[in-house]
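data-v1.cif, holding mmCIF, C-alpha atoms:
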```cif
data_final
loop_
_atom_site.label_atom_id
_atom_site.label_comp_id
_atom_site.auth_asym_id
_atom_site.auth_seq_id
_atom_site.Cartn_x
_atom_site.Cartn_y
_atom_site.Cartn_z
CA MET Q 1 -32.66 37.24 -43.35
CA ASP Q 2 -31.85 40.92 -43.92
CA SER Q 3 -34.51 43.39 -42.89
CA GLY Q 4 -32.38 46.49 -43.36
CA LYS Q 5 -33.92 47.77 -40.11
CA ILE Q 6 -31.82 49.58 -37.54
CA PHE Q 7 -32.41 48.34 -34.00
CA ARG Q 8 -31.61 50.83 -31.25
CA ILE Q 9 -30.38 49.64 -27.87
CA GLY Q 10 -30.54 51.56 -24.59
CA PHE Q 11 -28.61 50.70 -21.43
CA LEU Q 12 -29.71 51.14 -17.83
CA GLY Q 13 -26.37 51.17 -16.04
CA MET Q 14 -22.89 51.41 -17.53
CA GLY Q 15 -20.73 49.41 -15.14
CA THR Q 16 -18.13 46.80 -15.98
CA VAL Q 17 -20.46 44.37 -17.77
CA ALA Q 18 -22.33 47.07 -19.69
CA GLN Q 19 -19.05 48.58 -20.85
CA GLY Q 20 -17.97 45.16 -22.08
CA VAL Q 21 -21.23 44.76 -24.03
CA TRP Q 22 -20.90 48.25 -25.54
CA LYS Q 23 -17.25 47.59 -26.47
CA HIS Q 24 -17.88 44.23 -28.16
CA LEU Q 25 -21.03 45.35 -29.98
CA GLN Q 26 -19.16 48.39 -31.27
CA ALA Q 27 -16.23 46.27 -32.46
CA ASN Q 28 -18.39 43.55 -34.05
CA ARG Q 29 -21.26 45.49 -35.56
CA GLU Q 30 -20.64 44.21 -39.08
CA ILE Q 31 -20.40 40.58 -37.97
CA MET Q 32 -23.59 40.99 -35.93
CA ARG Q 33 -25.36 42.52 -38.94
CA GLN Q 34 -24.32 39.61 -41.16
CA ARG Q 35 -25.33 36.99 -38.60
CA LEU Q 36 -28.55 38.57 -37.40
CA GLY Q 37 -29.86 40.46 -40.39
CA GLY Q 38 -30.28 43.77 -38.60
CA GLU Q 39 -28.22 46.89 -37.99
CA ILE Q 40 -27.43 47.75 -34.35
CA GLU Q 41 -27.22 51.26 -32.98
CA LEU Q 42 -26.02 51.89 -29.45
CA ALA Q 43 -28.52 54.62 -28.73
CA LYS Q 44 -28.19 55.79 -25.15
CA ALA Q 45 -26.96 54.83 -21.68
CA CYS Q 46 -28.31 55.91 -18.31
CA VAL Q 47 -25.55 56.55 -15.76
CA ARG Q 48 -25.28 58.09 -12.31
CA ASP Q 49 -22.38 60.37 -13.25
CA ILE Q 50 -22.07 61.63 -16.82
CA SER Q 51 -18.60 63.12 -16.19
CA LYS Q 52 -17.09 59.87 -14.91
CA ARG Q 53 -14.25 58.42 -17.01
CA ARG Q 54 -14.98 54.96 -18.42
CA ALA Q 55 -12.98 52.25 -20.16
CA VAL Q 56 -15.10 52.75 -23.31
CA GLU Q 57 -15.61 56.06 -25.05
CA ILE Q 58 -19.25 57.06 -25.15
CA PRO Q 59 -20.25 60.43 -26.62
CA GLU Q 60 -21.78 62.68 -23.98
CA SER Q 61 -24.83 63.07 -26.23
CA LYS Q 62 -25.55 59.37 -25.67
CA LEU Q 63 -25.49 59.64 -21.87
CA THR Q 64 -28.37 60.53 -19.58
CA GLN Q 65 -29.15 60.43 -15.87
CA ASP Q 66 -32.86 59.90 -16.50
CA PRO Q 67 -33.75 56.21 -17.15
CA TYR Q 68 -37.19 57.20 -18.49
CA GLU Q 69 -35.49 59.06 -21.32
CA ILE Q 70 -34.61 55.57 -22.57
CA ILE Q 71 -37.77 53.74 -21.50
CA ASN Q 72 -40.13 56.33 -23.06
CA ASP Q 73 -38.17 56.77 -26.29
CA PRO Q 74 -40.29 55.02 -28.97
CA SER Q 75 -37.26 54.63 -31.24
CA ILE Q 76 -35.41 52.40 -28.73
CA ASP Q 77 -36.26 48.73 -29.26
CA ILE Q 78 -34.17 46.90 -26.64
CA VAL Q 79 -33.42 47.92 -23.06
CA CYS Q 80 -30.44 46.29 -21.33
CA GLU Q 81 -30.93 46.42 -17.56
CA LEU Q 82 -27.40 46.06 -16.20
CA MET Q 83 -27.66 48.24 -13.11
CA GLY Q 84 -28.01 45.52 -10.46
CA GLY Q 85 -30.02 45.64 -7.25
CA THR Q 86 -33.71 44.86 -6.93
CA GLY Q 87 -35.77 47.96 -6.08
CA LYS Q 88 -35.09 50.43 -8.86
CA ALA Q 89 -34.16 47.64 -11.27
CA LEU Q 90 -37.58 46.03 -10.85
CA GLU Q 91 -39.41 49.34 -11.27
CA LEU Q 92 -37.55 50.17 -14.48
CA THR Q 93 -37.83 46.63 -15.89
CA LEU Q 94 -41.60 46.64 -15.49
CA ALA Q 95 -41.84 50.16 -16.93
CA ALA Q 96 -39.79 49.12 -19.96
CA LEU Q 97 -42.00 46.09 -20.60
CA ARG Q 98 -45.12 48.26 -20.31
CA ALA Q 99 -43.59 50.66 -22.80
CA GLY Q 100 -43.32 47.83 -25.31
CA LYS Q 101 -39.58 47.25 -25.03
CA VAL Q 102 -37.75 43.96 -25.20
CA VAL Q 103 -35.69 43.72 -22.01
CA VAL Q 104 -32.32 41.99 -21.57
CA SER Q 105 -30.97 41.53 -18.04
CA ALA Q 106 -28.07 39.96 -16.15
CA ASN Q 107 -29.68 40.70 -12.78
CA LYS Q 108 -30.07 37.37 -10.98
CA ALA Q 109 -31.22 39.00 -7.73
CA VAL Q 110 -34.22 40.73 -9.28
CA ILE Q 111 -35.13 37.62 -11.31
CA CYS Q 112 -34.93 35.37 -8.25
CA SER Q 113 -37.05 37.73 -6.12
CA HIS Q 114 -39.50 38.98 -8.76
CA GLY Q 115 -39.26 36.62 -11.73
CA ALA Q 116 -42.94 35.60 -11.62
CA GLU Q 117 -44.02 39.25 -11.68
CA ILE Q 118 -41.62 40.16 -14.49
CA PHE Q 119 -42.61 37.25 -16.73
CA ALA Q 120 -46.31 37.86 -16.09
CA GLU Q 121 -45.85 41.50 -17.13
CA ALA Q 122 -43.95 40.46 -20.26
CA ARG Q 123 -46.81 38.11 -21.23
CA LYS Q 124 -49.45 40.73 -20.46
CA CYS Q 125 -47.67 43.36 -22.58
CA GLY Q 126 -46.85 40.94 -25.38
CA GLY Q 127 -43.15 41.53 -24.85
CA ALA Q 128 -40.12 39.42 -24.10
CA TYR Q 129 -37.54 39.21 -21.32
CA PHE Q 130 -34.13 37.60 -21.88
CA PHE Q 131 -31.82 36.69 -18.99
CA GLU Q 132 -29.08 34.30 -20.17
CA ALA Q 133 -26.35 36.32 -18.43
CA SER Q 134 -27.97 35.94 -15.00
CA VAL Q 135 -26.50 32.46 -14.38
CA ALA Q 136 -22.96 31.11 -14.91
CA GLY Q 137 -21.59 33.96 -17.02
CA GLY Q 138 -20.17 32.55 -20.23
CA ILE Q 139 -21.94 29.17 -19.98
CA PRO Q 140 -25.18 29.31 -22.03
CA ILE Q 141 -26.92 27.16 -19.43
CA ILE Q 142 -30.33 28.85 -19.68
CA LYS Q 143 -30.45 28.22 -23.42
CA VAL Q 144 -29.37 24.61 -22.82
CA LEU Q 145 -32.21 24.05 -20.36
CA ARG Q 146 -34.85 25.90 -22.33
CA GLU Q 147 -33.96 24.72 -25.82
CA GLY Q 148 -31.22 22.12 -26.13
CA LEU Q 149 -32.58 19.74 -23.47
CA ILE Q 150 -36.27 20.57 -23.76
CA ALA Q 151 -37.22 16.87 -23.90
CA ASN Q 152 -35.80 16.18 -20.44
CA ARG Q 153 -37.04 16.16 -16.89
CA PHE Q 154 -34.28 16.85 -14.38
CA SER Q 155 -33.85 14.87 -11.19
CA LEU Q 156 -30.69 16.72 -10.20
CA ILE Q 157 -28.97 19.95 -11.23
CA TYR Q 158 -25.85 20.92 -9.33
CA GLY Q 159 -22.61 22.73 -9.73
CA ILE Q 160 -20.31 25.62 -8.96
CA LEU Q 161 -22.22 28.85 -9.54
CA ASN Q 162 -20.03 31.39 -7.76
CA GLY Q 163 -16.59 32.09 -9.19
CA THR Q 164 -15.44 34.11 -6.17
CA CYS Q 165 -15.90 31.23 -3.74
CA ASN Q 166 -14.36 28.79 -6.19
CA TYR Q 167 -11.32 31.06 -6.57
CA ILE Q 168 -10.88 31.27 -2.78
CA LEU Q 169 -11.27 27.51 -2.22
CA THR Q 170 -8.92 26.69 -5.13
CA ARG Q 171 -6.14 28.88 -3.79
CA MET Q 172 -6.59 27.73 -0.20
CA GLU Q 173 -6.06 24.13 -1.29
CA ARG Q 174 -3.29 24.82 -3.78
CA GLU Q 175 -1.23 27.15 -1.59
CA ASN Q 176 -2.05 25.78 1.88
CA ALA Q 177 -3.23 29.29 2.69
CA THR Q 178 -5.90 30.40 5.13
CA TYR Q 179 -9.36 31.61 4.16
CA GLU Q 180 -8.65 35.12 5.50
CA THR Q 181 -5.43 35.42 3.44
CA ILE Q 182 -7.06 34.48 0.14
CA LEU Q 183 -10.17 36.56 0.83
CA LYS Q 184 -7.94 39.65 1.11
CA ASP Q 185 -6.46 38.86 -2.31
CA ALA Q 186 -9.93 38.31 -3.80
CA ARG Q 187 -11.01 41.72 -2.50
CA ARG Q 188 -7.90 43.36 -3.94
CA LEU Q 189 -8.51 41.77 -7.34
CA GLY Q 190 -12.13 42.94 -7.38
CA TYR Q 191 -13.58 39.41 -7.34
CA VAL Q 192 -15.82 40.06 -4.33
CA GLU Q 193 -19.14 41.92 -4.57
CA ALA Q 194 -19.47 45.25 -2.73
CA ASP Q 195 -21.81 43.36 -0.41
CA GLU Q 196 -19.48 40.43 0.02
CA SER Q 197 -22.05 38.34 1.90
CA LEU Q 198 -23.72 37.78 -1.49
CA ASP Q 199 -20.68 35.76 -2.56
CA ILE Q 200 -19.18 34.44 0.65
CA ASP Q 201 -22.41 33.45 2.41
CA GLY Q 202 -23.88 31.69 -0.64
CA TRP Q 203 -26.71 34.10 -1.59
CA ASP Q 204 -25.42 34.81 -5.10
CA ALA Q 205 -25.40 31.07 -5.84
CA ALA Q 206 -28.84 30.75 -4.23
CA HIS Q 207 -30.27 33.37 -6.61
CA LYS Q 208 -28.85 31.43 -9.54
CA ILE Q 209 -30.10 28.01 -8.46
CA ALA Q 210 -33.57 29.55 -8.02
CA ILE Q 211 -33.51 30.55 -11.70
CA LEU Q 212 -32.37 27.07 -12.79
CA ALA Q 213 -35.08 25.54 -10.60
CA TYR Q 214 -37.69 27.66 -12.39
CA LEU Q 215 -36.42 26.59 -15.81
CA ALA Q 216 -36.27 22.92 -14.82
CA HIS Q 217 -39.42 22.63 -12.72
CA GLY Q 218 -41.60 25.64 -13.58
CA CYS Q 219 -41.82 27.04 -10.05
CA TRP Q 220 -40.16 29.79 -8.09
CA ILE Q 221 -38.32 28.84 -4.91
CA GLY Q 222 -37.48 31.66 -2.54
CA THR Q 223 -34.10 31.64 -0.82
CA ASP Q 224 -36.00 31.34 2.48
CA LYS Q 225 -37.02 27.83 1.36
CA MET Q 226 -33.41 26.78 0.69
CA LEU Q 227 -30.65 25.40 2.87
CA VAL Q 228 -27.92 28.04 2.38
CA THR Q 229 -24.47 27.97 3.99
CA GLY Q 230 -21.40 29.86 2.77
CA ILE Q 231 -17.66 29.30 3.05
CA ARG Q 232 -16.73 31.55 5.98
CA GLY Q 233 -16.27 28.54 8.29
CA ILE Q 234 -13.90 26.65 5.97
CA ARG Q 235 -10.45 26.06 7.45
CA LEU Q 236 -7.26 24.95 5.78
CA GLU Q 237 -7.49 21.77 7.86
CA ASP Q 238 -10.72 20.90 6.03
CA MET Q 239 -8.85 21.04 2.73
CA ILE Q 240 -6.14 18.76 4.05
CA TRP Q 241 -8.59 16.27 5.51
CA ALA Q 242 -10.61 16.32 2.28
CA ARG Q 243 -7.54 15.11 0.43
CA ASP Q 244 -7.30 12.22 2.90
CA PHE Q 245 -10.78 11.20 1.73
CA ASN Q 246 -9.83 11.64 -1.98
CA CYS Q 247 -12.21 14.60 -2.16
CA ARG Q 248 -12.13 18.35 -2.72
CA VAL Q 249 -14.15 21.06 -1.00
CA LYS Q 250 -16.41 23.09 -3.32
CA LEU Q 251 -19.37 25.40 -2.74
CA ILE Q 252 -22.17 23.47 -4.45
CA ALA Q 253 -25.56 24.82 -5.44
CA ALA Q 254 -28.16 22.17 -6.23
CA ILE Q 255 -31.81 21.52 -6.94
CA ARG Q 256 -32.81 17.90 -6.40
CA LYS Q 257 -36.16 16.23 -7.03
CA LEU Q 258 -36.73 13.42 -4.57
CA GLU Q 259 -38.49 10.18 -5.50
CA ASN Q 260 -41.61 11.39 -3.66
CA GLY Q 261 -41.75 14.49 -5.91
CA ALA Q 262 -40.58 17.01 -3.30
CA LEU Q 263 -37.88 19.51 -4.25
CA PHE Q 264 -34.78 20.31 -2.23
CA ALA Q 265 -32.75 23.43 -3.06
CA SER Q 266 -29.43 24.05 -1.38
CA VAL Q 267 -26.13 25.91 -1.40
CA TYR Q 268 -23.39 24.60 0.86
CA PRO Q 269 -19.73 23.56 1.06
CA ALA Q 270 -19.49 19.95 -0.04
CA LEU Q 271 -16.90 17.23 -0.35
CA LEU Q 272 -16.84 16.07 -3.96
CA PRO Q 273 -14.89 12.95 -4.93
CA LEU Q 274 -11.97 13.74 -7.23
CA THR Q 275 -13.52 11.41 -9.80
CA ASP Q 276 -16.34 13.94 -10.32
CA VAL Q 277 -15.44 16.37 -13.12
CA VAL Q 278 -17.06 19.22 -11.18
CA ALA Q 279 -14.52 18.72 -8.37
CA ASN Q 280 -11.75 19.54 -10.83
CA VAL Q 281 -13.18 22.90 -11.97
CA ASN Q 282 -11.02 25.58 -10.39
CA GLU Q 283 -10.30 29.30 -10.13
CA VAL Q 284 -13.17 31.57 -11.28
CA TYR Q 285 -14.67 28.90 -13.53
CA ASN Q 286 -18.22 27.64 -13.06
CA ALA Q 287 -19.63 24.20 -13.80
CA VAL Q 288 -23.21 22.97 -14.09
CA SER Q 289 -24.12 19.27 -14.12
CA LEU Q 290 -27.56 18.36 -15.47
CA ASN Q 291 -29.12 14.93 -14.96
CA GLY Q 292 -31.85 14.50 -17.57
CA ASP Q 293 -34.10 11.49 -17.93
CA VAL Q 294 -33.51 11.39 -21.71
CA VAL Q 295 -29.97 12.65 -22.25
CA GLY Q 296 -28.42 11.35 -19.02
CA ARG Q 297 -25.75 13.53 -17.47
CA THR Q 298 -24.20 16.52 -19.20
CA VAL Q 299 -21.62 18.87 -17.66
CA HIS Q 300 -21.10 22.47 -18.80
CA ILE Q 301 -17.95 24.40 -17.85
CA GLY Q 302 -16.88 27.98 -18.51
CA ARG Q 303 -15.99 31.30 -16.97
CA GLY Q 304 -18.67 32.21 -14.50
CA ALA Q 305 -17.89 35.88 -14.07
CA GLY Q 306 -15.87 38.76 -15.43
CA GLN Q 307 -16.58 41.43 -17.99
CA ASP Q 308 -16.10 39.44 -21.17
CA ALA Q 309 -17.80 36.20 -20.07
CA THR Q 310 -20.91 38.02 -18.86
CA ALA Q 311 -20.88 40.42 -21.83
CA SER Q 312 -20.85 37.40 -24.15
CA ALA Q 313 -24.04 36.10 -22.50
CA VAL Q 314 -25.72 39.53 -22.66
CA ILE Q 315 -24.89 39.80 -26.37
CA ALA Q 316 -26.38 36.33 -26.89
CA ASP Q 317 -29.60 37.67 -25.36
CA ILE Q 318 -29.45 40.75 -27.58
CA SER Q 319 -29.11 38.36 -30.53
CA ASP Q 320 -32.27 36.51 -29.43
CA ALA Q 321 -34.02 39.83 -28.88
CA LEU Q 322 -33.19 40.90 -32.44
CA LYS Q 323 -34.47 37.61 -33.84
CA TYR Q 324 -37.66 38.11 -31.83
CA LEU Q 325 -38.08 41.64 -33.21
CA LEU Q 326 -37.51 40.30 -36.72
CA GLY Q 327 -40.39 37.88 -36.33
CA ALA Q 328 -38.89 34.75 -34.80
CA PRO Q 329 -40.97 33.13 -32.02
CA ALA Q 330 -40.22 34.24 -28.49
CA GLN Q 331 -38.09 31.95 -26.36
CA MET Q 332 -39.79 28.90 -24.96
CA SER Q 333 -41.99 29.91 -22.07
CA VAL Q 334 -42.00 27.94 -18.84
CA ALA Q 335 -45.32 26.94 -17.33
CA ASP Q 336 -45.78 28.53 -13.94
CA LEU Q 337 -46.77 25.65 -11.70
CA ALA Q 338 -48.35 25.78 -8.28
CA GLU Q 339 -46.28 26.32 -5.16
CA PRO Q 340 -43.92 23.33 -5.03
CA ARG Q 341 -43.73 20.96 -2.10
CA MET Q 342 -40.33 21.47 -0.59
CA ALA Q 343 -38.69 18.52 1.12
CA THR Q 344 -38.37 18.64 4.90
CA LEU Q 345 -34.93 18.19 6.46
CA ASP Q 346 -36.03 14.76 7.68
CA GLU Q 347 -36.65 13.65 4.07
CA VAL Q 348 -33.18 14.57 2.80
CA ASP Q 349 -30.39 12.17 3.62
CA GLY Q 350 -26.70 11.80 2.96
CA ASP Q 351 -23.27 11.36 4.51
CA PHE Q 352 -21.74 14.22 6.50
CA TYR Q 353 -18.36 15.55 7.60
CA LEU Q 354 -18.28 17.29 11.00
CA ARG Q 355 -15.43 19.26 12.54
CA PHE Q 356 -15.42 20.85 16.00
CA GLU Q 357 -13.11 21.67 18.88
CA VAL Q 358 -13.29 19.88 22.23
CA GLU Q 359 -11.60 19.67 25.61
CA ASP Q 360 -8.79 17.12 25.34
CA LYS Q 361 -9.68 14.91 28.28
CA ALA Q 362 -11.05 11.47 29.08
CA GLY Q 363 -14.69 10.72 28.40
CA VAL Q 364 -15.22 13.36 25.72
CA LEU Q 365 -15.53 10.90 22.84
CA ALA Q 366 -18.03 8.81 24.76
CA THR Q 367 -20.15 11.90 25.45
CA ILE Q 368 -20.09 12.89 21.78
CA ALA Q 369 -20.95 9.35 20.66
CA SER Q 370 -23.97 9.29 22.99
CA VAL Q 371 -25.30 12.58 21.53
CA LEU Q 372 -25.01 11.19 18.00
CA ALA Q 373 -26.55 7.85 19.00
CA LYS Q 374 -29.58 9.69 20.39
CA GLU Q 375 -30.24 10.96 16.83
CA ASP Q 376 -29.47 7.52 15.37
CA ILE Q 377 -26.29 8.82 13.70
CA SER Q 378 -23.58 6.25 13.07
CA ILE Q 379 -19.92 7.33 12.85
CA LYS Q 380 -18.00 6.07 9.83
CA LEU Q 381 -14.55 7.60 10.46
CA LEU Q 382 -13.21 9.63 13.39
CA HIS Q 383 -9.95 11.53 13.83
CA GLN Q 384 -8.77 13.44 16.89
CA ARG Q 385 -5.94 15.93 16.43
CA LYS Q 386 -4.52 17.70 19.44
CA HIS Q 387 -3.67 21.41 19.51
CA ASP Q 388 -0.16 22.24 20.67
CA SER Q 389 -0.21 22.76 24.48
CA SER Q 390 -3.69 24.28 24.42
CA GLY Q 391 -5.62 21.57 26.16
CA LYS Q 392 -7.92 21.43 23.13
CA ALA Q 393 -8.29 18.97 20.28
CA TRP Q 394 -10.03 18.91 16.93
CA ILE Q 395 -12.57 16.19 16.30
CA VAL Q 396 -13.15 15.37 12.65
CA MET Q 397 -15.65 12.70 11.72
CA THR Q 398 -17.71 11.40 8.86
CA THR Q 399 -21.06 9.73 9.28
CA HIS Q 400 -22.95 6.95 7.63
CA LYS Q 401 -26.13 7.97 5.84
CA THR Q 402 -28.43 10.04 8.00
CA THR Q 403 -30.82 12.95 7.52
CA GLU Q 404 -30.32 16.70 7.46
CA GLY Q 405 -32.79 16.90 10.33
CA ALA Q 406 -30.81 14.50 12.50
CA ILE Q 407 -27.55 16.35 11.83
CA LYS Q 408 -29.14 19.69 12.69
CA LYS Q 409 -30.45 18.37 16.02
CA ALA Q 410 -27.13 16.65 16.83
CA CYS Q 411 -25.14 19.83 16.13
CA GLN Q 412 -27.44 21.84 18.38
CA SER Q 413 -26.93 19.31 21.17
CA LEU Q 414 -23.16 19.16 20.65
CA SER Q 415 -22.91 22.98 20.79
CA SER Q 416 -24.54 22.98 24.22
CA LEU Q 417 -22.00 20.53 25.72
CA PRO Q 418 -19.46 22.14 28.10
CA VAL Q 419 -16.67 20.01 26.59
CA VAL Q 420 -17.34 21.31 23.05
CA SER Q 421 -15.53 24.62 22.47
CA SER Q 422 -16.74 25.51 18.97
CA GLU Q 423 -19.93 25.20 17.02
CA PRO Q 424 -19.74 22.08 14.81
CA PHE Q 425 -18.98 22.92 11.19
CA VAL Q 426 -20.76 20.69 8.69
CA ILE Q 427 -19.64 19.81 5.17
CA ARG Q 428 -21.94 17.59 3.15
CA ILE Q 429 -20.44 14.65 1.28
CA PHE Q 430 -22.17 15.28 -2.02
CA ASP Q 431 -24.04 12.44 -3.67
CA SER Q 432 -24.41 12.95 -7.42
CA GLN Q 433 -26.32 9.68 -7.85
CA VAL Q 434 -30.00 10.01 -8.71
#
```
Let me see the structure of the file written as structure tokens.
Amino acid sequence: MDSGKIFRIGFLGMGTVAQGVWKHLQANREIMRQRLGGEIELAKACVRDISKRRAVEIPESKLTQDPYEIINDPSIDIVCELMGGTGKALELTLAALRAGKVVVSANKAVICSHGAEIFAEARKCGGAYFFEASVAGGIPIIKVLREGLIANRFSLIYGILNGTCNYILTRMERENATYETILKDARRLGYVEADESLDIDGWDAAHKIAILAYLAHGCWIGTDKMLVTGIRGIRLEDMIWARDFNCRVKLIAAIRKLENGALFASVYPALLPLTDVVANVNEVYNAVSLNGDVVGRTVHIGRGAGQDATASAVIADISDALKYLLGAPAQMSVADLAEPRMATLDEVDGDFYLRFEVEDKAGVLATIASVLAKEDISIKLLHQRKHDSSGKAWIVMTTHKTTEGAIKKACQSLSSLPVVSSEPFVIRIFDSQV
């Protein structure tokens, strides 16, 4: 297919990812032309500061501070929204769709919060919206779900969707280093978002699992309907004790469909057995495990962040956008279903790891056991490790199968006990069986 047409691309934002896209498209224009059948022109980029020095050379004539100079230019075919955030990004995305543009985005936050509105606008305007780069960087997981595994229904999708947290947890375990020490290194290396709570507290992964939930189940799940816990409470001792259980601590994002049809979306630190391939994915790499009713289990691993990995996914979307403009059908649409029934905490069960600090004196274990018994929680393993000359001890335990609701109530009760000195920290023992 060779149309001879020149397709012009405009950029909203010219940060690290956008510069990577510009650089690779510039370097590979001839290959792209041969593979896609259309010439690419990097038309214009909207930036906050035109005079700022960048890693790629962009002629000043191709820079603007007015995004509508790109959106309202009838000669620009594709708009790449790579500015981040939700407010202005949403406004400009909708404006671009209304102006007849094809929009490519890596903005998981705006898709998670406003995906239904964006896709409805794209359908209304007869346009298209491509967002492969919004989840798992260099892993083409959206294309896998939408195209490669279209015949499947998914009972469980889970994995590592935040490279920053995975980097921190990997180094803590490998180097016997504290969370605070490795977090400082991650900041220095630029691995942590400017608003670091997005990474550390699990919200970045929550945005991504919301997108995968939409692709798998056709419904949008707000982060307020998820169980979200980050890694701030992880201690080096948890890593050591995990090894005793032949497990590894990972921040796991998951969407599970229960047998009764309810959905449960979560992001939390979990103990994964070392026999699970996902447990052995380290550093800034991501992994996504898909359990399909036709294909069975597939696992997809790749770089989850960084300029080149994300740029690769954006360019894949630009490729699909070009094919669409050349007459190929738009990407498979997902049926927007009614508001899903989300599982209650009392419907979701599993095994749990609890760690908390107590007064090191007689009768404490009996008091703790009575609190757990009241919620019908049975202890599987229990370790007590004394602090040096502090009069305190760490209690570490694992439970037999119980519910999220029971654990929540038990932890609230334990926190109120005078003999308990710290809020119980919970790590789920992840069950990948469906």
task: For CA of Asn260 (chain Q) and CA of Val299 (chain Q), determine how far apart the two atoms are, in Å to one decimal place.
output: 25.5 Å
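The residue that comes closest to Gly85 (chain Q), out of Q:Asp360, Q:His114, Q:Thr298, Q:Ala99 and on the basis of all atoms listed in the file, is Q:His114.
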Skipping near chain neighbours, those fewer than 6 positions away, what residues fall within 12 Å of Cys247 (chain Q) using all atoms listed in the file, listed as a PDB file with C-alpha atoms, keeping the file's coordinate frame?
```
ATOM      1  CA  GLU Q 173      -6.060  24.130  -1.290  1.00  0.00           C
ATOM      2  CA  ASP Q 238     -10.720  20.900   6.030  1.00  0.00           C
ATOM      3  CA  MET Q 239      -8.850  21.040   2.730  1.00  0.00           C
ATOM      4  CA  ILE Q 240      -6.140  18.760   4.050  1.00  0.00           C
ATOM      5  CA  TRP Q 241      -8.590  16.270   5.510  1.00  0.00           C
ATOM      6  CA  ALA Q 270     -19.490  19.950  -0.040  1.00  0.00           C
ATOM      7  CA  LEU Q 271     -16.900  17.230  -0.350  1.00  0.00           C
ATOM      8  CA  LEU Q 272     -16.840  16.070  -3.960  1.00  0.00           C
ATOM      9  CA  PRO Q 273     -14.890  12.950  -4.930  1.00  0.00           C
ATOM     10  CA  LEU Q 274     -11.970  13.740  -7.230  1.00  0.00           C
ATOM     11  CA  THR Q 275     -13.520  11.410  -9.800  1.00  0.00           C
ATOM     12  CA  ASP Q 276     -16.340  13.940 -10.320  1.00  0.00           C
ATOM     13  CA  VAL Q 277     -15.440  16.370 -13.120  1.00  0.00           C
ATOM     14  CA  VAL Q 278     -17.060  19.220 -11.180  1.00  0.00           C
ATOM     15  CA  ALA Q 279     -14.520  18.720  -8.370  1.00  0.00           C
ATOM     16  CA  ASN Q 280     -11.750  19.540 -10.830  1.00  0.00           C
ATOM     17  CA  TYR Q 353     -18.360  15.550   7.600  1.00  0.00           C
ATOM     18  CA  ILE Q 427     -19.640  19.810   5.170  1.00  0.00           C
ATOM     19  CA  ARG Q 428     -21.940  17.590   3.150  1.00  0.00           C
ATOM     20  CA  ILE Q 429     -20.440  14.650   1.280  1.00  0.00           C
ATOM     21  CA  PHE Q 430     -22.170  15.280  -2.020  1.00  0.00           C
TER      22      PHE Q 430
END
```
query: Quick one, how far is CA of Val288 (chain Q) from CA of Ile118 (chain Q)?
result: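 Straight-line distance from CA of Val288 (chain Q) to CA of Ile118 (chain Q) works out to 25.2 Å.
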query: What is the CA of Ala45 (chain Q) to CA of Val21 (chain Q) distance in Å?
result: 11.8 Å
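Minimum distance to Leu36 (chain Q) across Q:Val228, Q:Ile58, Q:Leu236, Q:Ile318 (counting all atoms listed in the file) occurs at Q:Ile318.
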Selection under test: the PyMOL selection byres ((chain Q and resi 206) around 9); residues as a list in words: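 Output of the PyMOL selection byres ((chain Q and resi 206) around 9): Cys112, Leu161, Gly202, Trp203, Asp204, Ala205, His207, Lys208, Ile209, Ala210, Ile211, Gly222, Thr223, Met226, Val228, Ala253, Ala254, Ala265, Ser266 and Val267 of chain Q.
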task: Report the residues retrieved by the PyMOL selection byres ((chain Q and resi 368) around 12) from the displayed file, expressed as number ranges by chain.
output: Q: 354, 356-359, 362-367, 369-375, 377-379, 382, 395-397, 410-411, 413-420, 424
- request: Report as a PyMOL selection string the full result of the PyMOL selection byres ((chain Q and resi 400-405) around 9) when it is applied to this structure.
  value: chain Q and resi 344-352+376-381+398-399+406-410
- prompt: So, counting only C-alpha atoms, which residue among Q:Arg146, Q:Arg235, Q:Arg54, Q:His300 is closest to Ala177 (chain Q)?
  reply: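 Closest to Ala177 (chain Q), using only C-alpha atoms: Q:Arg235.
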message: Which residues are near region 180-196 of chain Q? Cut-off 12 Å, only C-alpha atoms, ignore same chain within fewer than 6 positions. Put them as JSON, numbers by chain.
response: {"Q": [16, 84, 85, 162, 163, 164, 165, 166, 167, 168, 169, 170, 171, 172, 173, 174, 202, 203, 204, 230, 231, 232, 233, 234, 235, 236, 283, 284, 304, 305, 306, 307]}
query: Looking at only C-alpha atoms, which of Q:Glu259, Q:Glu339, Q:Asp293, Q:Glu121 is the one that sits closest to Ile221 (chain Q)?
result: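 Closest candidate: Q:Glu339.
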Among the residues Q:Cys219, Q:Tyr158, Q:Gly137, Q:Ala321, the one that comes closest to Tyr285 (chain Q) [using all atoms listed in the file]: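 Going through Q:Cys219, Q:Tyr158, Q:Gly137, Q:Ala321 one by one, the smallest distance to Tyr285 (chain Q) is for Q:Gly137.
Distances to Asn291 (chain Q) were evaluated for Q:Ala328, Q:Leu145, Q:Ala55, Q:Ala262 using all atoms listed in the file, and the minimum falls at Q:Leu145.
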If I wrap all listed atoms of region 231-241 of chain Q in a box with edges along x, y and z and add 3 Å on each side, what are its centre and edge lengths in Å to one decimal, as lines of an AutoDock Vina configuration file?
```
center_x = -11.9
center_y = 23.9
center_z = 5.5
size_x = 17.5
size_y = 21.3
size_z = 11.6
```
